[in-house]
>>> print(open('work_34.cif').read())   # mmCIF, C-alpha atoms
data_input
#
loop_
_atom_site.label_atom_id
_atom_site.label_comp_id
_atom_site.auth_asym_id
_atom_site.auth_seq_id
_atom_site.Cartn_x
_atom_site.Cartn_y
_atom_site.Cartn_z
CA MET A 1 181.88 90.47 198.25
CA SER A 2 184.80 92.49 197.02
CA ASN A 3 188.07 92.66 198.84
CA PRO A 4 190.16 95.65 197.81
CA SER A 5 193.17 94.14 199.55
CA VAL A 6 193.33 91.31 197.05
CA GLN A 7 195.87 92.18 194.41
CA THR A 8 195.03 91.38 190.83
CA ALA A 9 198.14 92.80 189.15
CA PHE A 10 200.24 89.69 189.03
CA ALA A 11 202.11 88.16 186.11
CA TRP A 12 200.55 84.75 186.72
CA LEU A 13 197.12 86.30 186.23
CA ASP A 14 198.27 87.89 182.97
CA GLN A 15 199.09 84.42 181.65
CA VAL A 16 195.44 83.42 181.85
CA ALA A 17 193.66 83.86 178.52
CA TRP A 18 190.59 85.70 179.80
CA ASN A 19 187.70 85.61 177.35
CA ASP A 20 185.86 88.65 176.00
CA ASP A 21 183.84 88.78 179.22
CA GLY A 22 187.02 88.65 181.32
CA LEU A 23 186.31 85.10 182.42
CA VAL A 24 188.06 81.74 182.45
CA ALA A 25 186.37 78.33 182.76
CA ALA A 26 187.09 76.60 186.08
CA ILE A 27 186.69 72.85 186.60
CA ALA A 28 186.51 71.60 190.19
CA GLN A 29 187.77 68.06 190.78
CA GLU A 30 187.62 66.37 194.17
CA VAL A 31 190.93 65.07 195.53
CA GLY A 32 190.74 61.47 196.67
CA SER A 33 187.72 60.42 194.62
CA CYS A 34 188.97 62.37 191.57
CA ASP A 35 185.30 63.03 190.73
CA VAL A 36 184.68 66.03 188.51
CA LEU A 37 182.27 68.08 190.60
CA MET A 38 181.34 71.11 188.55
CA LEU A 39 182.27 73.65 185.92
CA ALA A 40 182.01 77.32 186.78
CA TRP A 41 183.63 80.60 185.76
CA MET A 42 186.12 82.98 187.31
CA ASN A 43 187.15 86.52 186.63
CA ARG A 44 190.51 87.95 187.59
CA GLU A 45 189.41 88.89 191.09
CA ALA A 46 187.76 85.49 191.70
CA LEU A 47 190.93 83.61 190.80
CA SER A 48 193.06 85.95 192.86
CA GLU A 49 190.68 85.57 195.83
CA THR A 50 190.71 81.80 195.41
CA LEU A 51 194.47 81.79 195.86
CA ALA A 52 194.34 84.24 198.76
CA ARG A 53 191.61 82.38 200.68
CA GLY A 54 192.54 78.82 199.75
CA GLU A 55 188.85 78.31 198.97
CA ALA A 56 187.04 78.43 195.66
CA VAL A 57 185.63 81.80 194.67
CA TYR A 58 183.82 81.92 191.35
CA TRP A 59 182.12 84.58 189.29
CA SER A 60 178.38 84.06 189.11
CA ARG A 61 177.35 84.91 185.57
CA SER A 62 173.65 84.86 186.50
CA ARG A 63 174.06 87.15 189.50
CA GLN A 64 177.02 89.09 188.07
CA GLN A 65 178.93 88.99 191.33
CA LEU A 66 181.69 87.15 193.11
CA TRP A 67 180.52 83.87 194.56
CA HIS A 68 182.44 82.40 197.48
CA LYS A 69 181.12 78.88 197.17
CA GLY A 70 179.73 77.67 200.48
CA ASP A 71 178.82 81.09 201.87
CA THR A 72 175.14 80.09 201.90
CA SER A 73 175.38 76.32 202.36
CA GLY A 74 178.60 75.80 204.26
CA HIS A 75 179.76 73.58 201.41
CA PHE A 76 183.07 75.32 200.84
CA GLN A 77 185.72 73.97 198.53
CA LYS A 78 189.21 73.92 200.01
CA VAL A 79 191.62 74.37 197.14
CA CYS A 80 194.61 72.04 197.17
CA GLU A 81 195.95 72.87 193.74
CA ILE A 82 195.26 75.19 190.82
CA ARG A 83 196.25 74.14 187.33
CA LEU A 84 196.18 75.99 184.02
CA ASP A 85 195.72 74.39 180.63
CA CYS A 86 197.93 74.66 177.56
CA ASP A 87 196.19 77.61 175.96
CA GLY A 88 195.39 79.30 179.25
CA ASP A 89 191.62 79.44 178.88
CA ALA A 90 190.70 76.86 181.51
CA VAL A 91 191.79 76.21 185.08
CA LEU A 92 191.46 73.01 187.06
CA LEU A 93 190.93 73.24 190.80
CA ARG A 94 191.76 70.19 192.86
CA VAL A 95 189.53 70.61 195.89
CA GLU A 96 188.39 69.09 199.13
CA GLN A 97 184.59 69.39 198.95
CA ILE A 98 183.18 70.17 202.39
CA GLY A 99 179.97 68.22 203.03
CA ARG A 100 180.60 66.19 199.85
CA ILE A 101 177.93 68.28 198.13
CA ALA A 102 179.03 70.45 195.22
CA CYS A 103 175.77 70.74 193.28
CA HIS A 104 173.04 73.27 194.03
CA THR A 105 170.54 70.39 193.71
CA GLY A 106 172.09 68.76 196.78
CA ARG A 107 174.04 66.14 194.87
CA HIS A 108 177.70 65.28 195.18
CA SER A 109 178.53 66.27 191.60
CA CYS A 110 176.75 68.47 189.11
CA PHE A 111 177.36 65.77 186.50
CA TYR A 112 174.71 63.39 187.80
CA ARG A 113 173.04 62.69 184.44
CA ARG A 114 174.42 60.10 182.04
CA LEU A 115 173.43 59.62 178.43
CA ALA A 116 171.73 56.22 178.16
CA GLY A 117 170.13 54.37 175.28
CA GLU A 118 170.70 54.90 171.57
CA GLY A 119 169.02 56.59 168.64
CA ASP A 120 165.46 57.62 169.39
CA ALA A 121 165.72 56.08 172.86
CA ALA A 122 168.73 58.16 173.95
CA HIS A 123 168.02 60.14 177.11
CA TRP A 124 169.72 61.63 180.16
CA ALA A 125 169.38 59.19 183.05
CA GLU A 126 169.85 60.39 186.62
CA LEU A 127 172.62 58.50 188.39
CA GLU A 128 172.23 59.78 191.91
CA ALA A 129 169.61 61.33 194.14
CA PRO A 130 170.22 64.39 196.31
CA ILE A 131 172.09 63.51 199.48
CA ALA A 132 169.74 63.27 202.47
CA GLY A 133 169.47 66.55 204.32
CA ALA A 134 170.40 68.70 201.37
CA ASP A 135 167.11 70.46 200.99
CA LYS A 136 168.25 73.88 199.92
CA GLU A 137 170.32 75.36 197.19
CA THR A 138 173.97 74.93 198.05
CA ARG A 139 175.58 78.07 196.83
CA MET B 1 183.85 66.82 158.18
CA SER B 2 180.10 66.96 158.14
CA ASN B 3 177.98 63.87 158.09
CA PRO B 4 174.45 64.54 156.89
CA SER B 5 173.38 61.14 158.16
CA VAL B 6 173.92 62.22 161.75
CA GLN B 7 170.61 63.32 163.20
CA THR B 8 170.59 66.37 165.40
CA ALA B 9 166.85 66.55 166.11
CA PHE B 10 166.74 64.60 169.33
CA ALA B 11 165.11 65.49 172.63
CA TRP B 12 168.32 64.74 174.55
CA LEU B 13 170.10 67.38 172.48
CA ASP B 14 167.34 69.88 173.25
CA GLN B 15 168.07 69.41 176.95
CA VAL B 16 171.55 70.84 176.52
CA ALA B 17 171.72 74.56 177.32
CA TRP B 18 173.63 75.68 174.23
CA ASN B 19 175.22 79.10 174.66
CA ASP B 20 174.70 82.07 172.34
CA ASP B 21 177.25 80.57 169.95
CA GLY B 22 175.44 77.23 169.96
CA LEU B 23 178.18 75.59 172.02
CA VAL B 24 178.52 73.62 175.23
CA ALA B 25 181.71 73.17 177.27
CA ALA B 26 183.05 69.61 177.18
CA ILE B 27 185.46 68.23 179.77
CA ALA B 28 187.37 65.05 178.88
CA GLN B 29 188.37 62.83 181.79
CA GLU B 30 190.41 59.67 181.36
CA VAL B 31 188.85 56.49 182.73
CA GLY B 32 191.20 54.55 184.95
CA SER B 33 193.52 57.40 185.92
CA CYS B 34 190.58 59.81 186.32
CA ASP B 35 192.91 62.56 185.07
CA VAL B 36 191.17 65.60 183.63
CA LEU B 37 192.68 65.80 180.16
CA MET B 38 191.24 68.87 178.48
CA LEU B 39 188.38 71.29 178.11
CA ALA B 40 186.97 71.87 174.64
CA TRP B 41 183.68 72.89 173.06
CA MET B 42 180.95 71.11 171.14
CA ASN B 43 178.09 72.25 168.99
CA ARG B 44 174.96 70.21 168.41
CA GLU B 45 176.46 68.26 165.53
CA ALA B 46 179.70 67.55 167.40
CA LEU B 47 177.85 66.06 170.36
CA SER B 48 175.61 64.05 168.09
CA GLU B 49 178.61 62.79 166.14
CA THR B 50 180.41 61.91 169.36
CA LEU B 51 177.55 59.62 170.32
CA ALA B 52 177.29 58.12 166.83
CA ARG B 53 181.02 57.43 166.48
CA GLY B 54 181.81 56.59 170.07
CA GLU B 55 184.78 58.93 169.73
CA ALA B 56 185.13 62.55 170.78
CA VAL B 57 184.22 65.11 168.14
CA TYR B 58 184.58 68.74 169.20
CA TRP B 59 183.93 72.10 167.59
CA SER B 60 187.13 73.99 166.92
CA ARG B 61 186.42 77.62 167.74
CA SER B 62 189.70 78.74 166.15
CA ARG B 63 189.09 76.86 162.91
CA GLN B 64 185.29 77.09 163.02
CA GLN B 65 184.84 73.47 162.02
CA LEU B 66 184.13 70.06 163.46
CA TRP B 67 187.22 68.47 164.96
CA HIS B 68 187.34 64.70 165.23
CA LYS B 69 190.12 64.52 167.78
CA GLY B 70 192.87 62.19 166.61
CA ASP B 71 192.28 62.64 162.89
CA THR B 72 195.75 64.17 162.53
CA SER B 73 197.63 62.51 165.37
CA GLY B 74 195.91 59.18 165.82
CA HIS B 75 195.23 60.16 169.43
CA PHE B 76 191.51 59.48 169.36
CA GLN B 77 189.38 59.54 172.45
CA LYS B 78 187.08 56.55 172.81
CA VAL B 79 184.03 57.75 174.70
CA CYS B 80 182.84 55.44 177.47
CA GLU B 81 180.27 57.76 178.98
CA ILE B 82 178.71 61.18 178.42
CA ARG B 83 177.39 63.15 181.36
CA LEU B 84 175.46 66.41 181.57
CA ASP B 85 175.60 68.85 184.45
CA CYS B 86 172.71 70.25 186.50
CA ASP B 87 172.11 73.35 184.41
CA GLY B 88 172.89 71.65 181.11
CA ASP B 89 175.71 73.91 180.02
CA ALA B 90 178.60 71.48 180.45
CA VAL B 91 179.19 67.88 179.47
CA LEU B 92 181.72 65.46 180.90
CA LEU B 93 183.18 62.82 178.63
CA ARG B 94 184.73 59.79 180.27
CA VAL B 95 187.25 58.65 177.68
CA GLU B 96 189.94 56.17 176.86
CA GLN B 97 192.77 58.34 175.54
CA ILE B 98 194.55 56.56 172.70
CA GLY B 99 198.33 57.08 172.92
CA ARG B 100 197.89 58.66 176.38
CA ILE B 101 198.39 62.08 174.76
CA ALA B 102 195.49 64.51 174.87
CA CYS B 103 197.35 67.83 174.63
CA HIS B 104 198.47 69.42 171.38
CA THR B 105 201.85 70.05 173.05
CA GLY B 106 202.41 66.30 173.24
CA ARG B 107 201.59 66.00 176.94
CA HIS B 108 199.21 63.60 178.62
CA SER B 109 196.92 66.34 179.92
CA CYS B 110 196.43 69.94 178.88
CA PHE B 111 196.52 70.88 182.58
CA TYR B 112 200.27 70.45 182.97
CA ARG B 113 200.92 73.77 184.72
CA ARG B 114 200.41 74.17 188.47
CA LEU B 115 200.31 77.42 190.40
CA ALA B 116 203.31 77.44 192.72
CA GLY B 117 204.63 79.99 195.19
CA GLU B 118 202.77 82.83 196.83
CA GLY B 119 202.33 86.56 196.46
CA ASP B 120 204.88 88.11 194.12
CA ALA B 121 206.54 84.71 193.68
CA ALA B 122 203.41 82.94 192.40
CA HIS B 123 203.94 81.40 188.98
CA TRP B 124 202.76 78.55 186.76
CA ALA B 125 205.20 75.65 187.12
CA GLU B 126 205.33 72.94 184.47
CA LEU B 127 204.65 69.50 185.92
CA GLU B 128 205.39 67.30 182.96
CA ALA B 129 207.39 67.34 179.76
CA PRO B 130 206.01 66.25 176.41
CA ILE B 131 205.95 62.50 176.04
CA ALA B 132 208.87 61.26 173.93
CA GLY B 133 207.93 60.90 170.30
CA ALA B 134 205.20 63.49 170.40
CA ASP B 135 206.81 65.99 168.11
CA LYS B 136 203.80 67.34 166.30
CA GLU B 137 200.51 68.91 167.17
CA THR B 138 198.13 66.21 168.24
CA ARG B 139 194.82 67.35 166.88
#
>>> encode(input="work_34.cif", output="structure tokens")
Amino acid sequence: MSNPSVQTAFAWLDQVAWNDDGLVAAIAQEVGSCDVLMLAWMNREALSETLARGEAVYWSRSRQQLWHKGDTSGHFQKVCEIRLDCDGDAVLLRVEQIGRIACHTGRHSCFYRRLAGEGDAAHWAELEAPIAGADKETR
Amino acid sequence: MSNPSVQTAFAWLDQVAWNDDGLVAAIAQEVGSCDVLMLAWMNREALSETLARGEAVYWSRSRQQLWHKGDTSGHFQKVCEIRLDCDGDAVLLRVEQIGRIACHTGRHSCFYRRLAGEGDAAHWAELEAPIAGADKETR
């Protein structure tokens, strides 16, 4: 997915501190619940497309391609607000999560494991099960 | 700051997908307000120390050293909960932000700029001023 009509030569994009791979970290937070849903990455085109579409478009580092979240699953993220942090190397998307499922495991949030216990007994405990009906990867 | 008494040979640390630099992205979210405060990085020792102290310890990429947040400013982050995401390459800290200032600019959150306008007029608009009295870097 590459849209040549999307302009990437804007001053606001120059103010992002892209890393050596041309990427910026992107946190998605659900409006309403304020739950942190996921952390992904964007390149210049992904961020520009996100603004143009009003829906989250990330850069898939594993597939090395633009990733319009929801294209496979229908679980799009409508973007209500885009914020930039103090040193410009992270953005925060405030989103409406369609289907309430952000995680590719079928869960609401990717952060479904909590550190429990102490010392030798410390472990990651699962807080939530996949939502019923989410039986496929939700790209 | 290196504490040889902090163990880093735990199974729960092995489940973190450390990147090529031995780091994991760490999002700090304030309990209560649910505001996303900042994004920083941790190495194995920083995450282990965070659990041991109950306060956020990051890895400063610019200074290449452990960074016990608040050591300079007093703006410590008491860690209520540590979460891990689905693919293990991001953690979410749920914190109590001492002094309500997380950002080194003296603001509550590092994400104080919001994308406003469209097309050629798009720009990052500042949403909040530094909190009165915060006149130094708040490491």
>>> closest_residue(input="work_34.cif", among="B:His108, B:Leu84, B:Val57, B:Gly74", to="Glu126 (chain A)", atoms="only C-alpha atoms")
B:Leu84
>>> residues_around(input="work_34.cif", residues="Trp41 (chain B)", least_positions_apart="3", cutoff="7 Å", atoms="all atoms listed in the file", output="JSON, numbers by chain")
{"B": [23, 24, 25, 26, 58, 59]}
>>> residues_near_point(input="work_34.cif", point="(175.5, 58.1, 165.1)", cutoff="12 Å", atoms="all atoms listed in the file", output="number ranges by chain")
A: 118-120, 122; B: 3-8, 10, 45-55, 57
>>> interface_residues(input="work_34.cif", of="chain A", to="chain B", cutoff="6 Å", atoms="all atoms listed in the file", output="number ranges by chain")
A: 12, 82-86, 110-111, 113-115, 123
>>> residues_around(input="work_34.cif", residues="Gln77 (chain A)", least_positions_apart="4", cutoff="7 Å", atoms="all atoms listed in the file", output="list in words")
Glu55, Ala56, Lys69, Val95, Glu96, Gln97 and Ile98 of chain A
>>> write_last_selection(input="work_34.cif", atoms="C-alpha atoms", output="PDB file, keeping the file's coordinate frame")
ATOM      1  CA  GLU A  55     188.850  78.310 198.970  1.00  0.00           C
ATOM      2  CA  ALA A  56     187.040  78.430 195.660  1.00  0.00           C
ATOM      3  CA  LYS A  69     181.120  78.880 197.170  1.00  0.00           C
ATOM      4  CA  VAL A  95     189.530  70.610 195.890  1.00  0.00           C
ATOM      5  CA  GLU A  96     188.390  69.090 199.130  1.00  0.00           C
ATOM      6  CA  GLN A  97     184.590  69.390 198.950  1.00  0.00           C
ATOM      7  CA  ILE A  98     183.180  70.170 202.390  1.00  0.00           C
TER       8      ILE A  98
END
>>> closest_residue(input="work_34.cif", among="B:Asn43, B:Phe76, B:Asp71, B:Leu66", to="Asp20 (chain B)", atoms="all atoms listed in the file")
B:Asn43
